[in-house]
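entry.pdb (PDB, C-alpha atoms) appears below.
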ATOM      1  CA  LEU Y   1      -7.980  -0.443  -8.530
ATOM      2  CA  LYS Y   2      -9.713  -3.359  -6.791
ATOM      3  CA  ASN Y   3      -8.394  -6.578  -5.259
ATOM      4  CA  ALA Y   4      -9.920 -10.055  -4.923
ATOM      5  CA  ASP Y   5     -11.065  -9.287  -1.352
ATOM      6  CA  GLY Y   6     -13.320  -6.450  -2.575
ATOM      7  CA  ASN Y   7     -11.022  -3.707  -1.270
ATOM      8  CA  ALA Y   8     -10.219  -0.792  -3.552
ATOM      9  CA  ALA Y   9      -7.732   2.034  -3.923
ATOM     10  CA  LEU Y  10      -8.323   5.426  -5.477
ATOM     11  CA  VAL Y  11      -5.053   6.861  -6.779
ATOM     12  CA  LYS Y  12      -4.884  10.562  -5.880
ATOM     13  CA  LYS Y  13      -1.381  11.572  -7.018
ATOM     14  CA  VAL Y  14       1.583   9.983  -8.791
ATOM     15  CA  ASN Y  15       5.073  11.441  -8.836
ATOM     16  CA  PRO Y  16       6.833   8.958 -11.185
ATOM     17  CA  GLY Y  17       9.792   7.220  -9.591
ATOM     18  CA  LYS Y  18       9.144   8.897  -6.228
ATOM     19  CA  THR Y  19       5.668   8.541  -4.687
ATOM     20  CA  ILE Y  20       2.131   7.281  -5.138
ATOM     21  CA  LYS Y  21      -0.634   8.647  -2.898
ATOM     22  CA  LEU Y  22      -3.935   6.847  -2.705
ATOM     23  CA  VAL Y  23      -7.055   6.383  -0.605
ATOM     24  CA  TRP Y  24      -7.624   2.812   0.617
ATOM     25  CA  MET Y  25     -11.259   1.665   0.793
ATOM     26  CA  GLN Y  26     -11.481  -1.555   2.777
ATOM     27  CA  LYS Y  27     -14.598  -3.699   2.648
ATOM     28  CA  GLY Y  28     -16.330  -3.698   6.041
ATOM     29  CA  VAL Y  29     -14.420  -0.659   7.348
ATOM     30  CA  ALA Y  30     -16.389   2.592   7.546
ATOM     31  CA  GLU Y  31     -13.538   5.097   7.110
ATOM     32  CA  ASP Y  32     -11.283   5.270   4.040
ATOM     33  CA  THR Y  33      -7.590   5.613   4.894
ATOM     34  CA  PRO Y  34      -4.679   7.405   3.179
ATOM     35  CA  VAL Y  35      -1.674   5.475   1.892
ATOM     36  CA  GLU Y  36       1.635   6.842   0.635
ATOM     37  CA  ILE Y  37       4.092   4.638  -1.242
ATOM     38  CA  LYS Y  38       7.638   5.985  -1.568
ATOM     39  CA  PHE Y  39      10.345   4.725  -3.910
ATOM     40  CA  ALA Y  40      14.041   5.341  -3.158
ATOM     41  CA  PRO Y  41      16.854   4.164  -5.446
ATOM     42  CA  ALA Y  42      19.442   2.081  -3.576
ATOM     43  CA  GLY Y  43      22.169   1.170  -6.049
ATOM     44  CA  ALA Y  44      20.832  -1.398  -8.525
ATOM     45  CA  LYS Y  45      17.698  -1.859  -6.398
ATOM     46  CA  THR Y  46      14.818   0.316  -5.216
ATOM     47  CA  THR Y  47      13.545   0.532  -1.658
ATOM     48  CA  VAL Y  48       9.747   0.726  -1.370
ATOM     49  CA  MET Y  49       8.157   2.120   1.810
ATOM     50  CA  VAL Y  50       4.401   1.990   2.416
ATOM     51  CA  THR Y  51       2.821   4.293   5.012
ATOM     52  CA  HIS Y  52      -0.818   3.460   5.759
ATOM     53  CA  GLU Y  53      -2.390   6.011   8.113
ATOM     54  CA  ARG Y  54      -5.465   6.327  10.351
ATOM     55  CA  LEU Y  55      -5.732   2.664  11.234
ATOM     56  CA  GLN Y  56      -8.049   2.184  14.194
ATOM     57  CA  THR Y  57      -6.913  -1.050  15.855
ATOM     58  CA  ARG Y  58      -3.759  -3.121  16.345
ATOM     59  CA  GLU Y  59      -5.520  -6.017  14.575
ATOM     60  CA  GLU Y  60      -6.249  -3.830  11.541
ATOM     61  CA  ALA Y  61      -2.647  -2.545  11.464
ATOM     62  CA  ASP Y  62      -1.186  -6.059  11.772
ATOM     63  CA  GLY Y  63      -3.462  -7.399   9.040
ATOM     64  CA  LEU Y  64      -2.608  -4.601   6.638
ATOM     65  CA  ARG Y  65       1.122  -4.871   7.448
ATOM     66  CA  ALA Y  66       0.990  -8.540   6.452
ATOM     67  CA  ALA Y  67      -1.086  -7.800   3.335
ATOM     68  CA  TRP Y  68       1.252  -5.015   2.144
ATOM     69  CA  GLY Y  69       4.239  -7.296   2.813
ATOM     70  CA  GLU Y  70       2.702 -10.042   0.679
ATOM     71  CA  ALA Y  71       1.860  -7.570  -2.097
ATOM     72  CA  LEU Y  72       5.421  -6.214  -2.119
ATOM     73  CA  ASP Y  73       6.820  -9.771  -2.184
ATOM     74  CA  ARG Y  74       4.660 -10.549  -5.244
ATOM     75  CA  LEU Y  75       5.836  -7.335  -6.910
ATOM     76  CA  LYS Y  76       9.476  -8.228  -6.198
ATOM     77  CA  GLN Y  77       9.015 -11.680  -7.760
ATOM     78  CA  ARG Y  78       7.519 -10.128 -10.904
ATOM     79  CA  VAL Y  79      10.273  -7.535 -11.213
ATOM     80  CA  GLU Y  80      12.951 -10.191 -10.750
ATOM     81  CA  GLY Y  81      11.229 -12.412 -13.309
ATOM     82  CA  GLY Y  82      10.184 -15.109 -10.829
TER
END

Output the file's structure as structure tokens, nothing else.
Amino acid sequence: LKNADGNAALVKKVNPGKTIKLVWMQKGVAEDTPVEIKFAPAGAKTTVMVTHERLQTREEADGLRAAWGEALDRLKQRVEGG
């Protein structure tokens, strides 16, 4: 999987309805980083939690937090038909 910024993700393991584990390859960053996405049913909704590990700087963590937030917002809009 690749995004418009040239970053890519290699999916390592999928446990349908529960977790996705992947390796994040960010353009301009030397080390690939692991990501785990967990899904938890919460009534009629599903909670999604993203854990992105081995980030080296506060700036990198803040940037990825914002990017994951935006991606999850886009996903929510699609699921809700927006």

Worksheet entry | Hits of the PyMOL selection byres ((chain Y and resi 51) around 9) in this structure, as a PyMOL selection string | chain Y and resi 34-38+49-50+52-53

Okay, now the selection with C-alpha atoms, as a PDB file, in the coordinates of the input?
ATOM      1  CA  PRO Y  34      -4.679   7.405   3.179  1.00  0.00           C
ATOM      2  CA  VAL Y  35      -1.674   5.475   1.892  1.00  0.00           C
ATOM      3  CA  GLU Y  36       1.635   6.842   0.635  1.00  0.00           C
ATOM      4  CA  ILE Y  37       4.092   4.638  -1.242  1.00  0.00           C
ATOM      5  CA  LYS Y  38       7.638   5.985  -1.568  1.00  0.00           C
ATOM      6  CA  MET Y  49       8.157   2.120   1.810  1.00  0.00           C
ATOM      7  CA  VAL Y  50       4.401   1.990   2.416  1.00  0.00           C
ATOM      8  CA  HIS Y  52      -0.818   3.460   5.759  1.00  0.00           C
ATOM      9  CA  GLU Y  53      -2.390   6.011   8.113  1.00  0.00           C
TER      10      GLU Y  53
END

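Interatomic distance, CA of Ala40 in chain Y against CA of Lys12 in chain Y: 19.8 Å.
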
Worksheet entry | All residues 9 Å or closer to Gln26 in chain Y, all atoms listed in the file, same chain fewer than 5 positions away omitted, as a VMD selection string | chain Y and resid 5 to 9 31 to 33

Practice prompt. Just give me the gap between CA of Gly43 in chain Y and CA of Lys13 in chain Y in Å, one decimal is fine.
Written response: 25.8 Å

Worksheet item: For Leu75 in chain Y, which residue among Y:Met25, Y:Pro41, Y:Val48, Y:Thr19 is the nearest when counting only C-alpha atoms?
Response: Y:Val48

Worksheet item: Neighbours of Ala67 in chain Y within 12 Å (only C-alpha atoms; same-chain residues fewer than 3 positions away dropped), as a ChimeraX atom specification?
Response: /Y:3,5,7,50,52,60-64,70-74

Discussion item. Just to confirm, what's the straight-line distance from CA of Glu59 in chain Y to CA of Ile20 in chain Y in Å (one decimal)?
Written reply: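 If I compute the distance from CA of Glu59 in chain Y to CA of Ile20 in chain Y, I get 25.0 Å.
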
Discussion item. Restricting the calculation to all atoms listed in the file: of Y:Leu10, Y:Leu1, Y:Trp68, Y:Val79, which residue gets closest to Leu22 in chain Y?
Written reply: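 Going through Y:Leu10, Y:Leu1, Y:Trp68, Y:Val79 one by one, the smallest distance to Leu22 in chain Y is for Y:Leu10.
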